[in-house]
Structures are given as structure tokens and as C-alpha cells.
Amino acid sequence: MNKKLTLVLIILALALIAYNVTIIDFSNPLGEDSIIAVIGVIAALCAIILLLILLTAKNIQKKIDEK
């Protein structure tokens with residue numbers, strides 16, 4: 001994956017987080033209607049973390065290959 005695709009995926013994950021936060025009922029976040037939105041937020045955060053780890057690993061690999 002190139003850097004542009006990774007950044008697009010991060011932006012999409014942020015959009016999913018924003019959408020799911022609007023669905024969460026903060027008076028009962030673990031209720032029947034909100035639990036799926038909470039899971040969606042957590043999944044999108046995990047995706048962002050994994051994509052950032054991928055970007056960091058590619059930068060490290062690039063620096064190793066230059067030497």
C-alpha cells in the first residue's frame with residue numbers, strides 16, 4: 001500500500017468515528033441501540049492504530065534500505 005491510500009483509509013476511519021459518535025446515546029452507551037456504535041468507534045480506532053504502525057514500519061524499512 002502506498003502512502004496516499006493509507007491516508008485515505010485513515011480519513012475514512014475518522015469519518016466512521018464521527019458518524020458512530022453521533023449515534024451513541026451517552027446516557028446509556030452500552031444499551032441495545034448504542035453498543036454497535038461503540039464497537040464501530042473502537043474498531044475504527046484500531047484500524048487507525050494499525051495503519052499508523054504500517055506507515056512507521058515502512059518508514060523504518062525505507063531508512064534501512066538506504067544504508
# chains A, B, ... in the order shown; residues from 1 in each chain; ligands from 1
$ select_by_dssp --residues "chain A" --states "alpha helix (DSSP H)" --output "mmCIF file with N, CA and C atoms, in the first residue's frame"
data_model
loop_
_atom_site.group_PDB
_atom_site.id
_atom_site.type_symbol
_atom_site.label_atom_id
_atom_site.label_comp_id
_atom_site.auth_asym_id
_atom_site.auth_seq_id
_atom_site.Cartn_x
_atom_site.Cartn_y
_atom_site.Cartn_z
ATOM 1 N N LYS A 3 1.459 5.476 0.432
ATOM 2 C CA LYS A 3 1.147 6.422 1.499
ATOM 3 C C LYS A 3 -0.200 7.109 1.297
ATOM 4 N N LYS A 4 -0.538 7.410 0.045
ATOM 5 C CA LYS A 4 -1.801 8.094 -0.228
ATOM 6 C C LYS A 4 -3.001 7.222 0.131
ATOM 7 N N LEU A 5 -2.928 5.937 -0.206
ATOM 8 C CA LEU A 5 -4.029 5.025 0.118
ATOM 9 C C LEU A 5 -4.188 4.885 1.632
ATOM 10 N N THR A 6 -3.071 4.819 2.317
ATOM 11 C CA THR A 6 -3.119 4.711 3.775
ATOM 12 C C THR A 6 -3.769 5.947 4.390
ATOM 13 N N LEU A 7 -3.424 7.110 3.882
ATOM 14 C CA LEU A 7 -4.015 8.341 4.414
ATOM 15 C C LEU A 7 -5.511 8.414 4.112
ATOM 16 N N VAL A 8 -5.918 7.942 2.944
ATOM 17 C CA VAL A 8 -7.352 7.905 2.611
ATOM 18 C C VAL A 8 -8.089 6.973 3.564
ATOM 19 N N LEU A 9 -7.493 5.831 3.862
ATOM 20 C CA LEU A 9 -8.124 4.892 4.790
ATOM 21 C C LEU A 9 -8.223 5.480 6.199
ATOM 22 N N ILE A 10 -7.220 6.229 6.610
ATOM 23 C CA ILE A 10 -7.275 6.879 7.921
ATOM 24 C C ILE A 10 -8.395 7.917 7.948
ATOM 25 N N ILE A 11 -8.538 8.672 6.877
ATOM 26 C CA ILE A 11 -9.608 9.672 6.807
ATOM 27 C C ILE A 11 -10.976 9.000 6.834
ATOM 28 N N LEU A 12 -11.120 7.882 6.131
ATOM 29 C CA LEU A 12 -12.390 7.141 6.165
ATOM 30 C C LEU A 12 -12.684 6.622 7.572
ATOM 31 N N ALA A 13 -11.670 6.143 8.263
ATOM 32 C CA ALA A 13 -11.861 5.668 9.636
ATOM 33 C C ALA A 13 -12.281 6.811 10.551
ATOM 34 N N LEU A 14 -11.694 7.986 10.345
ATOM 35 C CA LEU A 14 -12.109 9.151 11.141
ATOM 36 C C LEU A 14 -13.553 9.536 10.842
ATOM 37 N N ALA A 15 -13.967 9.418 9.588
ATOM 38 C CA ALA A 15 -15.355 9.708 9.228
ATOM 39 C C ALA A 15 -16.297 8.701 9.882
ATOM 40 N N LEU A 16 -15.897 7.433 9.927
ATOM 41 C CA LEU A 16 -16.719 6.428 10.609
ATOM 42 C C LEU A 16 -16.831 6.713 12.100
ATOM 43 N N ILE A 17 -15.739 7.156 12.692
ATOM 44 C CA ILE A 17 -15.786 7.511 14.115
ATOM 45 C C ILE A 17 -16.765 8.661 14.330
ATOM 46 N N ALA A 18 -16.676 9.683 13.494
ATOM 47 C CA ALA A 18 -17.573 10.834 13.639
ATOM 48 C C ALA A 18 -19.030 10.415 13.483
ATOM 49 N N TYR A 19 -19.306 9.557 12.525
ATOM 50 C CA TYR A 19 -20.686 9.093 12.315
ATOM 51 C C TYR A 19 -21.178 8.271 13.500
ATOM 52 N N ASN A 20 -20.352 7.358 13.972
ATOM 53 C CA ASN A 20 -20.774 6.487 15.077
ATOM 54 C C ASN A 20 -20.938 7.252 16.384
ATOM 55 N N VAL A 21 -20.154 8.296 16.585
ATOM 56 C CA VAL A 21 -20.292 9.089 17.809
ATOM 57 C C VAL A 21 -21.655 9.778 17.834
ATOM 58 N N THR A 22 -22.167 10.150 16.657
ATOM 59 C CA THR A 22 -23.486 10.788 16.627
ATOM 60 C C THR A 22 -24.606 9.807 16.960
ATOM 61 N N ILE A 23 -24.355 8.523 16.788
ATOM 62 C CA ILE A 23 -25.381 7.512 17.059
ATOM 63 C C ILE A 23 -25.409 7.104 18.533
ATOM 64 N N ILE A 35 -24.585 0.072 21.528
ATOM 65 C CA ILE A 35 -23.430 -0.819 21.639
ATOM 66 C C ILE A 35 -22.754 -1.039 20.291
ATOM 67 N N ILE A 36 -23.527 -1.104 19.225
ATOM 68 C CA ILE A 36 -22.944 -1.316 17.895
ATOM 69 C C ILE A 36 -22.136 -0.088 17.482
ATOM 70 N N ALA A 37 -22.615 1.098 17.816
ATOM 71 C CA ALA A 37 -21.867 2.320 17.513
ATOM 72 C C ALA A 37 -20.577 2.380 18.325
ATOM 73 N N VAL A 38 -20.613 1.959 19.579
ATOM 74 C CA VAL A 38 -19.406 1.934 20.409
ATOM 75 C C VAL A 38 -18.396 0.950 19.823
ATOM 76 N N ILE A 39 -18.863 -0.212 19.400
ATOM 77 C CA ILE A 39 -17.977 -1.194 18.775
ATOM 78 C C ILE A 39 -17.392 -0.631 17.483
ATOM 79 N N GLY A 40 -18.195 0.101 16.728
ATOM 80 C CA GLY A 40 -17.708 0.725 15.499
ATOM 81 C C GLY A 40 -16.621 1.749 15.764
ATOM 82 N N VAL A 41 -16.772 2.535 16.811
ATOM 83 C CA VAL A 41 -15.750 3.523 17.176
ATOM 84 C C VAL A 41 -14.458 2.815 17.566
ATOM 85 N N ILE A 42 -14.573 1.779 18.372
ATOM 86 C CA ILE A 42 -13.383 1.036 18.808
ATOM 87 C C ILE A 42 -12.694 0.381 17.619
ATOM 88 N N ALA A 43 -13.464 -0.197 16.702
ATOM 89 C CA ALA A 43 -12.886 -0.839 15.522
ATOM 90 C C ALA A 43 -12.177 0.177 14.626
ATOM 91 N N ALA A 44 -12.762 1.343 14.457
ATOM 92 C CA ALA A 44 -12.136 2.373 13.631
ATOM 93 C C ALA A 44 -10.847 2.879 14.285
ATOM 94 N N LEU A 45 -10.848 3.020 15.601
ATOM 95 C CA LEU A 45 -9.625 3.421 16.304
ATOM 96 C C LEU A 45 -8.528 2.376 16.139
ATOM 97 N N CYS A 46 -8.901 1.097 16.214
ATOM 98 C CA CYS A 46 -7.928 0.019 15.995
ATOM 99 C C CYS A 46 -7.373 0.073 14.576
ATOM 100 N N ALA A 47 -8.240 0.338 13.614
ATOM 101 C CA ALA A 47 -7.789 0.434 12.223
ATOM 102 C C ALA A 47 -6.803 1.583 12.047
ATOM 103 N N ILE A 48 -7.074 2.717 12.675
ATOM 104 C CA ILE A 48 -6.160 3.859 12.581
ATOM 105 C C ILE A 48 -4.811 3.514 13.200
ATOM 106 N N ILE A 49 -4.834 2.872 14.346
ATOM 107 C CA ILE A 49 -3.578 2.488 15.005
ATOM 108 C C ILE A 49 -2.777 1.544 14.130
ATOM 109 N N LEU A 50 -3.434 0.556 13.532
ATOM 110 C CA LEU A 50 -2.738 -0.390 12.663
ATOM 111 C C LEU A 50 -2.170 0.294 11.425
ATOM 112 N N LEU A 51 -2.913 1.228 10.854
ATOM 113 C CA LEU A 51 -2.412 1.948 9.683
ATOM 114 C C LEU A 51 -1.219 2.831 10.041
ATOM 115 N N LEU A 52 -1.245 3.441 11.217
ATOM 116 C CA LEU A 52 -0.105 4.242 11.647
ATOM 117 C C LEU A 52 1.121 3.373 11.915
ATOM 118 N N ILE A 53 0.910 2.184 12.454
ATOM 119 C CA ILE A 53 2.016 1.246 12.645
ATOM 120 C C ILE A 53 2.587 0.840 11.291
ATOM 121 N N LEU A 54 1.725 0.618 10.309
ATOM 122 C CA LEU A 54 2.186 0.266 8.968
ATOM 123 C C LEU A 54 3.026 1.386 8.358
ATOM 124 N N LEU A 55 2.565 2.630 8.493
ATOM 125 C CA LEU A 55 3.340 3.760 7.978
ATOM 126 C C LEU A 55 4.706 3.857 8.657
ATOM 127 N N THR A 56 4.746 3.656 9.953
ATOM 128 C CA THR A 56 6.003 3.723 10.692
ATOM 129 C C THR A 56 6.945 2.603 10.259
ATOM 130 N N ALA A 57 6.416 1.414 10.084
ATOM 131 C CA ALA A 57 7.242 0.288 9.653
ATOM 132 C C ALA A 57 7.804 0.520 8.249
ATOM 133 N N LYS A 58 7.003 1.093 7.367
ATOM 134 C CA LYS A 58 7.501 1.392 6.016
ATOM 135 C C LYS A 58 8.594 2.444 6.055
ATOM 136 N N ASN A 59 8.454 3.459 6.911
ATOM 137 C CA ASN A 59 9.499 4.476 7.039
ATOM 138 C C ASN A 59 10.791 3.875 7.576
ATOM 139 N N ILE A 60 10.692 2.985 8.535
ATOM 140 C CA ILE A 60 11.871 2.323 9.084
ATOM 141 C C ILE A 60 12.531 1.460 8.015
ATOM 142 N N GLN A 61 11.730 0.713 7.260
ATOM 143 C CA GLN A 61 12.267 -0.141 6.206
ATOM 144 C C GLN A 61 12.967 0.690 5.131
ATOM 145 N N LYS A 62 12.399 1.832 4.813
ATOM 146 C CA LYS A 62 12.991 2.728 3.811
ATOM 147 C C LYS A 62 14.364 3.227 4.287
ATOM 148 N N LYS A 63 14.462 3.588 5.577
ATOM 149 C CA LYS A 63 15.730 4.060 6.121
ATOM 150 C C LYS A 63 16.760 2.950 6.170
ATOM 151 N N ILE A 64 16.343 1.720 6.443
ATOM 152 C CA ILE A 64 17.263 0.596 6.469
ATOM 153 C C ILE A 64 17.779 0.304 5.072
ATOM 154 N N ASP A 65 16.918 0.380 4.079
ATOM 155 C CA ASP A 65 17.310 0.096 2.701
ATOM 156 C C ASP A 65 18.254 1.158 2.141
ATOM 157 N N GLU A 66 18.184 2.384 2.637
ATOM 158 C CA GLU A 66 19.050 3.461 2.169
ATOM 159 C C GLU A 66 20.491 3.278 2.620
#
$ decode --residues "chain A" --atoms "C-alpha atoms" --output "CSV table (one decimal), in the first residue's frame"
chain,number,residue,atom,x,y,z
A,1,MET,CA,0.0,0.0,0.0
A,2,ASN,CA,1.3,3.4,-0.8
A,3,LYS,CA,1.1,6.4,1.5
A,4,LYS,CA,-1.8,8.1,-0.2
A,5,LEU,CA,-4.0,5.0,0.1
A,6,THR,CA,-3.1,4.7,3.8
A,7,LEU,CA,-4.0,8.3,4.4
A,8,VAL,CA,-7.4,7.9,2.6
A,9,LEU,CA,-8.1,4.9,4.8
A,10,ILE,CA,-7.3,6.9,7.9
A,11,ILE,CA,-9.6,9.7,6.8
A,12,LEU,CA,-12.4,7.1,6.2
A,13,ALA,CA,-11.9,5.7,9.6
A,14,LEU,CA,-12.1,9.2,11.1
A,15,ALA,CA,-15.4,9.7,9.2
A,16,LEU,CA,-16.7,6.4,10.6
A,17,ILE,CA,-15.8,7.5,14.1
A,18,ALA,CA,-17.6,10.8,13.6
A,19,TYR,CA,-20.7,9.1,12.3
A,20,ASN,CA,-20.8,6.5,15.1
A,21,VAL,CA,-20.3,9.1,17.8
A,22,THR,CA,-23.5,10.8,16.6
A,23,ILE,CA,-25.4,7.5,17.1
A,24,ILE,CA,-24.2,6.8,20.6
A,25,ASP,CA,-26.7,7.5,23.4
A,26,PHE,CA,-24.4,8.9,26.0
A,27,SER,CA,-26.9,8.4,28.8
A,28,ASN,CA,-26.7,4.7,28.2
A,29,PRO,CA,-23.7,3.9,25.9
A,30,LEU,CA,-23.9,0.2,26.4
A,31,GLY,CA,-27.6,-0.1,25.7
A,32,GLU,CA,-29.1,-2.0,22.9
A,33,ASP,CA,-29.0,0.8,20.3
A,34,SER,CA,-25.6,2.3,21.2
A,35,ILE,CA,-23.4,-0.8,21.6
A,36,ILE,CA,-22.9,-1.3,17.9
A,37,ALA,CA,-21.9,2.3,17.5
A,38,VAL,CA,-19.4,1.9,20.4
A,39,ILE,CA,-18.0,-1.2,18.8
A,40,GLY,CA,-17.7,0.7,15.5
A,41,VAL,CA,-15.7,3.5,17.2
A,42,ILE,CA,-13.4,1.0,18.8
A,43,ALA,CA,-12.9,-0.8,15.5
A,44,ALA,CA,-12.1,2.4,13.6
A,45,LEU,CA,-9.6,3.4,16.3
A,46,CYS,CA,-7.9,0.0,16.0
A,47,ALA,CA,-7.8,0.4,12.2
A,48,ILE,CA,-6.2,3.9,12.6
A,49,ILE,CA,-3.6,2.5,15.0
A,50,LEU,CA,-2.7,-0.4,12.7
A,51,LEU,CA,-2.4,1.9,9.7
A,52,LEU,CA,-0.1,4.2,11.6
A,53,ILE,CA,2.0,1.2,12.6
A,54,LEU,CA,2.2,0.3,9.0
A,55,LEU,CA,3.3,3.8,8.0
A,56,THR,CA,6.0,3.7,10.7
A,57,ALA,CA,7.2,0.3,9.7
A,58,LYS,CA,7.5,1.4,6.0
A,59,ASN,CA,9.5,4.5,7.0
A,60,ILE,CA,11.9,2.3,9.1
A,61,GLN,CA,12.3,-0.1,6.2
A,62,LYS,CA,13.0,2.7,3.8
A,63,LYS,CA,15.7,4.1,6.1
A,64,ILE,CA,17.3,0.6,6.5
A,65,ASP,CA,17.3,0.1,2.7
A,66,GLU,CA,19.0,3.5,2.2
A,67,LYS,CA,22.1,2.4,4.3
